[in-house]
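Novice: Sharing structure.txt, compact mmCIF, C-alpha atoms and all ligand atoms:
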# COMPACT_ATOMS: atom_id res chain seq x y z
CA MET M 740 0.00 0.00 0.00
CA GLN M 741 2.61 2.45 1.15
CA PHE M 742 4.96 1.33 -1.62
CA ARG M 743 2.26 1.92 -4.23
CA TYR M 744 1.63 5.35 -2.81
CA LEU M 745 5.33 6.16 -3.09
CA ILE M 746 5.34 5.14 -6.76
CA PHE M 747 2.29 7.27 -7.38
CA ALA M 748 3.87 10.24 -5.59
CA GLY M 749 7.04 9.70 -7.64
CA ILE M 750 5.09 9.76 -10.90
CA ALA M 751 3.25 12.88 -9.83
CA ALA M 752 6.51 14.61 -8.90
CA ALA M 753 8.11 13.59 -12.22
CA ALA M 754 5.09 14.94 -14.08
CA THR M 755 5.40 18.23 -12.23
CA ILE M 756 9.08 18.52 -13.05
CA ALA M 757 8.44 17.64 -16.71
CA ALA M 758 5.69 20.25 -16.94
CA SER M 759 7.80 22.97 -15.36
CA SER M 760 10.76 22.24 -17.62
CA VAL M 761 8.68 22.38 -20.81
CA ILE M 762 6.84 25.62 -20.02
CA PRO M 763 9.19 28.60 -19.68
CA PRO M 764 8.80 30.37 -16.33
CA GLY M 765 6.14 33.04 -16.38
CA THR M 766 4.33 31.83 -19.50
CA GLY M 767 1.55 30.13 -17.58
CA ALA M 768 0.91 33.24 -15.51
CA ALA M 769 1.00 35.49 -18.58
CA ASN M 770 -1.54 33.29 -20.39
CA ALA M 771 -3.79 33.22 -17.35
CA GLN M 772 -3.59 37.02 -17.20
CA GLY M 773 -4.35 37.40 -20.91
CA GLY M 774 -7.49 35.35 -20.26
CA VAL M 775 -8.55 37.53 -17.37
CA VAL M 776 -7.83 40.77 -19.28
CA ASP M 777 -9.98 39.53 -22.19
CA ALA M 778 -12.75 38.42 -19.84
CA ARG M 779 -12.64 41.83 -18.17
CA ALA M 780 -12.94 43.63 -21.52
CA THR M 781 -15.84 41.36 -22.51
CA ALA M 782 -17.69 42.04 -19.25
CA MET M 783 -17.12 45.80 -19.60
CA LYS M 784 -18.36 45.75 -23.22
CA THR M 785 -21.46 43.85 -22.09
CA LEU M 786 -22.04 46.58 -19.51
CA GLY M 787 -21.59 49.35 -22.08
CA GLY M 788 -23.73 47.76 -24.82
CA SER M 789 -26.48 46.72 -22.44
CA LEU M 790 -26.63 50.11 -20.73
CA ARG M 791 -27.04 51.72 -24.14
CA ARG M 792 -29.89 49.33 -24.95
CA VAL M 793 -31.63 50.16 -21.67
CA GLY M 794 -31.20 53.87 -22.46
CA GLN M 795 -32.82 53.37 -25.87
CA ALA M 796 -35.56 51.00 -24.66
CA ALA M 797 -39.05 52.08 -25.70
CA SER M 798 -40.68 49.76 -23.15
CA VAL M 799 -39.83 48.07 -19.87
CA GLU M 800 -39.93 44.75 -21.75
CA ASP M 801 -37.16 45.98 -24.08
CA ALA M 802 -35.03 46.89 -21.07
CA ARG M 803 -35.49 43.59 -19.23
CA GLY M 804 -32.88 41.48 -21.06
CA PRO M 805 -30.12 44.10 -21.06
CA ALA M 806 -30.83 44.97 -17.40
CA ALA M 807 -30.34 41.31 -16.46
CA ALA M 808 -27.13 41.22 -18.53
CA ILE M 809 -25.82 44.26 -16.63
CA ALA M 810 -26.54 42.63 -13.28
CA GLY M 811 -24.78 39.45 -14.42
CA ALA M 812 -21.69 41.21 -15.76
CA ALA M 813 -21.48 43.43 -12.67
CA SER M 814 -21.45 40.38 -10.42
CA ARG M 815 -18.60 38.79 -12.41
CA LEU M 816 -16.23 41.77 -12.30
CA GLU M 817 -14.68 41.38 -8.88
CA ALA M 818 -13.00 38.11 -9.86
CA LEU M 819 -11.52 39.72 -12.99
CA PHE M 820 -9.00 42.04 -11.32
CA PRO M 821 -6.35 39.70 -9.87
CA GLU M 822 -3.12 41.26 -8.60
CA GLY M 823 -0.63 41.88 -11.41
CA SER M 824 -3.19 42.00 -14.25
CA GLY M 825 -3.06 45.77 -14.82
CA GLY M 826 -0.72 48.39 -16.18
CA PRO M 827 0.06 48.84 -19.91
CA PRO M 828 -1.07 47.57 -22.37
CA THR M 829 -4.29 47.28 -20.30
CA ARG M 830 -6.14 50.39 -19.18
CA SER M 831 -6.33 49.19 -15.56
CA LYS M 832 -4.26 51.61 -13.51
CA PRO M 833 -1.86 50.16 -10.91
CA GLU M 834 -3.72 52.31 -8.34
CA ILE M 835 -6.46 49.65 -8.37
CA TRP M 836 -4.23 47.29 -6.40
CA GLN M 837 -2.86 50.06 -4.18
CA ASN M 838 -6.44 51.03 -3.21
CA MET M 839 -8.23 47.68 -3.52
CA ALA M 840 -10.61 48.45 -0.64
CA ASP M 841 -11.81 51.61 -2.42
CA PHE M 842 -11.95 49.81 -5.77
CA LYS M 843 -14.18 47.15 -4.19
CA VAL M 844 -16.47 49.87 -2.80
CA LYS M 845 -16.85 51.18 -6.37
CA LEU M 846 -17.55 47.67 -7.67
CA ALA M 847 -20.16 47.18 -4.93
CA ALA M 848 -21.81 50.49 -5.91
CA LEU M 849 -22.10 49.19 -9.48
CA ARG M 850 -23.52 45.84 -8.28
CA ASP M 851 -26.10 47.55 -6.05
CA ALA M 852 -27.18 49.96 -8.80
CA ALA M 853 -27.32 47.07 -11.30
CA ARG M 854 -29.50 45.02 -8.95
CA ALA M 855 -31.85 48.00 -8.53
CA LEU M 856 -32.02 48.38 -12.33
CA ASP M 857 -32.74 44.68 -12.76
CA ALA M 858 -35.54 44.94 -10.17
CA ALA M 859 -37.01 48.05 -11.85
CA ALA M 860 -36.95 46.27 -15.23
CA LYS M 861 -39.05 43.47 -13.73
CA GLY M 862 -41.69 46.07 -12.89
CA ALA M 863 -43.81 48.23 -15.22
CA ASP M 864 -42.50 51.79 -14.81
CA LEU M 865 -40.23 52.81 -17.71
CA ASP M 866 -39.28 56.12 -16.05
CA ALA M 867 -38.09 54.20 -12.99
CA VAL M 868 -36.02 51.95 -15.28
CA LYS M 869 -34.41 54.97 -16.97
CA ALA M 870 -33.66 56.59 -13.61
CA ALA M 871 -32.10 53.35 -12.36
CA ALA M 872 -30.02 53.17 -15.56
CA ARG M 873 -28.70 56.69 -14.94
CA ASN M 874 -27.66 55.61 -11.45
CA VAL M 875 -25.79 52.66 -12.95
CA GLY M 876 -24.08 55.01 -15.41
CA GLY M 877 -22.92 57.17 -12.53
CA THR M 878 -21.13 54.23 -10.91
CA CYS M 879 -19.28 53.45 -14.19
CA GLY M 880 -17.94 57.00 -14.42
CA ALA M 881 -17.04 57.15 -10.73
CA CYS M 882 -14.67 54.22 -11.19
CA HIS M 883 -13.34 55.10 -14.65
CA ARG M 884 -12.37 58.62 -13.57
CA VAL M 885 -10.02 57.20 -10.93
CA TYR M 886 -8.95 53.75 -12.10
CA ARG M 887 -9.13 53.60 -15.91
CA ALA M 888 -6.19 54.90 -17.88
CA PRO M 889 -6.83 56.96 -21.03
CA ARG M 890 -6.88 55.12 -24.35
CA SER M 891 -3.32 54.94 -25.65
C1 LIG M 901 -14.88 49.51 -10.13
C2 LIG M 901 -14.38 50.06 -11.37
C3 LIG M 901 -15.19 50.02 -12.62
C4 LIG M 901 -16.56 50.09 -12.77
C5 LIG M 901 -17.62 50.22 -11.69
C6 LIG M 901 -16.82 50.03 -14.18
N1 LIG M 901 -15.65 49.93 -14.87
FE1 LIG M 901 -15.48 49.86 -16.90
N2 LIG M 901 -13.47 49.68 -16.72
C7 LIG M 901 -12.76 49.73 -15.53
C8 LIG M 901 -11.36 49.55 -15.81
C9 LIG M 901 -10.25 49.52 -14.77
C10 LIG M 901 -11.23 49.39 -17.19
C11 LIG M 901 -9.96 49.11 -17.99
C12 LIG M 901 -9.82 47.60 -18.13
C13 LIG M 901 -8.49 47.17 -18.72
O1 LIG M 901 -8.15 47.63 -19.85
O2 LIG M 901 -7.78 46.39 -18.07
C14 LIG M 901 -12.58 49.49 -17.73
C15 LIG M 901 -12.89 49.38 -19.09
C16 LIG M 901 -14.14 49.58 -19.64
C17 LIG M 901 -14.44 49.55 -21.06
C18 LIG M 901 -13.45 49.29 -22.17
C19 LIG M 901 -13.45 47.79 -22.47
C20 LIG M 901 -12.49 47.42 -23.60
O3 LIG M 901 -11.33 47.05 -23.30
O4 LIG M 901 -12.89 47.55 -24.76
C21 LIG M 901 -15.78 49.78 -21.18
C22 LIG M 901 -16.60 49.84 -22.45
C23 LIG M 901 -16.32 49.94 -19.84
N3 LIG M 901 -15.28 49.81 -18.93
C24 LIG M 901 -17.65 50.16 -19.56
C25 LIG M 901 -18.17 50.22 -18.27
C26 LIG M 901 -19.55 50.47 -17.98
C27 LIG M 901 -20.63 50.75 -19.01
C28 LIG M 901 -19.68 50.42 -16.62
C29 LIG M 901 -20.90 50.59 -15.78
C30 LIG M 901 -22.10 49.92 -16.16
C31 LIG M 901 -18.36 50.15 -16.07
N4 LIG M 901 -17.47 50.04 -17.10
C32 LIG M 901 -18.09 50.08 -14.73
C33 LIG M 901 -13.28 49.90 -14.28
C34 LIG M 901 -14.63 49.95 -13.97
Show the structure stored in the file as structure tokens.
Specialist:
Amino acid sequence: MQFRYLIFAGIAAAATIAASSVIPPGTGAANAQGGVVDARATAMKTLGGSLRRVGQAASVEDARGPAAAIAGAASRLEALFPEGSGGPPTRSKPEIWQNMADFKVKLAALRDAARALDAAAKGADLDAVKAAARNVGGTCGACHRVYRAPRS
């Protein structure tokens, strides 16, 4: 039993060594970061496109889908800013990680506003939906002003 375990552990260790000698140091982390940077851009684009659709909605029903998409994307964002994934060529300023507590407050403001928008879009009052959408828009700008670098 113990002997078999040792063989298994040996194989596992050999596999680890083989993997680390094939992949140059840093490549794995860089790929993982590329994935997170892309996922972040996708979530942000979903926010932007959906907020525009809510703004243009002629009925509460038109706003319902995009409002739900905003709430979903907003809830995914916090996981998409791991340490070391900012700076050029991304537009995430290094200040995000120096002020993570404040950044998280701004993310929470977006999530709360997005939840309120989603709730309004499940109702019947289009004016309430538009007002909730303006609140969401305010939370986007509040974060971008501080933590998003200008387009290069
Ligand atoms: C808590 C901070 C924060 C909030 C809230 C936030 N953003 Fe962003 N957003 C960023 C940062 C940082 C970037 C730059 C990402 C990068 O390049 O790494 C960004 C990038 C973007 C981009 C560019 C995406 C691309 O690469 O093409 C769009 C569009 C965008 N945000 C829209 C929105 C909208 C719309 C909202 C609100 C509904 C929003 N964001 C809320 C921080 C935020």
Novice: Hey, can you check how far atom C29 of ligand LIG 901 (chain M) sits from atom CA of M:Cys882?
Specialist: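 For atom C29 of ligand LIG 901 (chain M) relative to atom CA of M:Cys882, the distance reads 8.5 Å.
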Novice: Padding 5 Å on every side, please: axis-aligned box over the listed atoms of ligand LIG 901 (chain M), centre and edge lengths to one decimal in Å, as JSON.
Specialist:
{"center_x": -14.9, "center_y": 48.6, "center_z": -17.4, "size_x": 24.3, "size_y": 14.4, "size_z": 24.6}
Novice: Produce as a PyMOL selection string the set of residues near ligand LIG 901 (chain M), where near means within 7 Å with all atoms listed in the file considered.
Specialist: chain M and resi 776+779-781+783-784+786-787+790+809+825+829-832+842-843+845-846+849+875-876+878-880+882-883+886-888
Novice: Could you dump the residues just selected with C-alpha atoms as a CSV table (one decimal), in the coordinates of the input?
Specialist:
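Printed below is out-v7.csv as written:
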chain,number,residue,atom,x,y,z
M,776,VAL,CA,-7.8,40.8,-19.3
M,779,ARG,CA,-12.6,41.8,-18.2
M,780,ALA,CA,-12.9,43.6,-21.5
M,781,THR,CA,-15.8,41.4,-22.5
M,783,MET,CA,-17.1,45.8,-19.6
M,784,LYS,CA,-18.4,45.8,-23.2
M,786,LEU,CA,-22.0,46.6,-19.5
M,787,GLY,CA,-21.6,49.4,-22.1
M,790,LEU,CA,-26.6,50.1,-20.7
M,809,ILE,CA,-25.8,44.3,-16.6
M,825,GLY,CA,-3.1,45.8,-14.8
M,829,THR,CA,-4.3,47.3,-20.3
M,830,ARG,CA,-6.1,50.4,-19.2
M,831,SER,CA,-6.3,49.2,-15.6
M,832,LYS,CA,-4.3,51.6,-13.5
M,842,PHE,CA,-12.0,49.8,-5.8
M,843,LYS,CA,-14.2,47.2,-4.2
M,845,LYS,CA,-16.8,51.2,-6.4
M,846,LEU,CA,-17.6,47.7,-7.7
M,849,LEU,CA,-22.1,49.2,-9.5
M,875,VAL,CA,-25.8,52.7,-13.0
M,876,GLY,CA,-24.1,55.0,-15.4
M,878,THR,CA,-21.1,54.2,-10.9
M,879,CYS,CA,-19.3,53.4,-14.2
M,880,GLY,CA,-17.9,57.0,-14.4
M,882,CYS,CA,-14.7,54.2,-11.2
M,883,HIS,CA,-13.3,55.1,-14.6
M,886,TYR,CA,-9.0,53.8,-12.1
M,887,ARG,CA,-9.1,53.6,-15.9
M,888,ALA,CA,-6.2,54.9,-17.9
Novice: May I ask which of the residues M:Leu819, M:Ala881, M:Ala806, M:Val775 is the closest one to M:Asp857, counting all atoms listed in the file?
Specialist: M:Ala806
Novice: For M:Glu822, which residue out of M:Ala863, M:Ala808, M:Met839, M:Ala852 is the nearest one, using all atoms listed in the file?
Specialist: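 Looking at the shortest contact to M:Glu822, the residue is M:Met839.
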Novice: Can you tell me how far atom CA of M:Pro833 sits from atom CA of M:Ala848, in Å to one decimal?
Specialist: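 Interatomic distance, atom CA of M:Pro833 to atom CA of M:Ala848: 20.6 Å.
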Novice: Of the residues M:Thr785, M:Ala807, M:Gly774, M:Gly862, which is the one nearest to M:Phe820, using all atoms listed in the file?
Specialist: M:Gly774
Novice: Determine, counting all atoms listed in the file, which protein, DNA and RNA residues have an atom within 7 Å of an atom of M:Ala859; residues of the same chain fewer than 4 positions away are not included. Present the result as a list in words.
Specialist: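 Listed by chain and then number, they are Ala855, Ala867 and Val868 of chain M.
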Novice: What is the distance, in Å and to one decimal place, between atom CA of M:Arg854 and atom CA of M:Ser814?
Specialist: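 Here the two named atoms are 9.4 Å from each other.
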Novice: Of the residues M:Ala853, M:Ser789, M:Ala812, M:Ile835, which is the one nearest to M:Ala871, using all atoms listed in the file?
Specialist: M:Ala853
Novice: Find, counting all atoms listed in the file, the residue in M:Gly826, M:Gly788, M:Pro805, M:Gly811 that gets nearest to M:Asp851.
Specialist: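 The shortest atom-to-atom distance to M:Asp851 comes from M:Gly811.
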Novice: Have a look at M:Ser824, M:Asp866, M:Ser891, M:Leu856 and name the one nearest to M:Asp777; count all atoms listed in the file.
Specialist: M:Ser824
Novice: Do a neighbour search on M:Asp801 at 9 Å with all atoms listed in the file, toss out local chain neighbours closer than 6 positions, and write the hits as a list in words.
Specialist: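 Returned residues: Arg792, Val793, Gln795 and Ala860 of chain M.
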Novice: Which polymer residues have any atom within 8 Å of an atom of M:Gly794, counting only C-alpha atoms, with same-chain residues fewer than 3 positions away left out, as a VMD selection string?
Specialist: chain M and resid 790 to 791 869 872
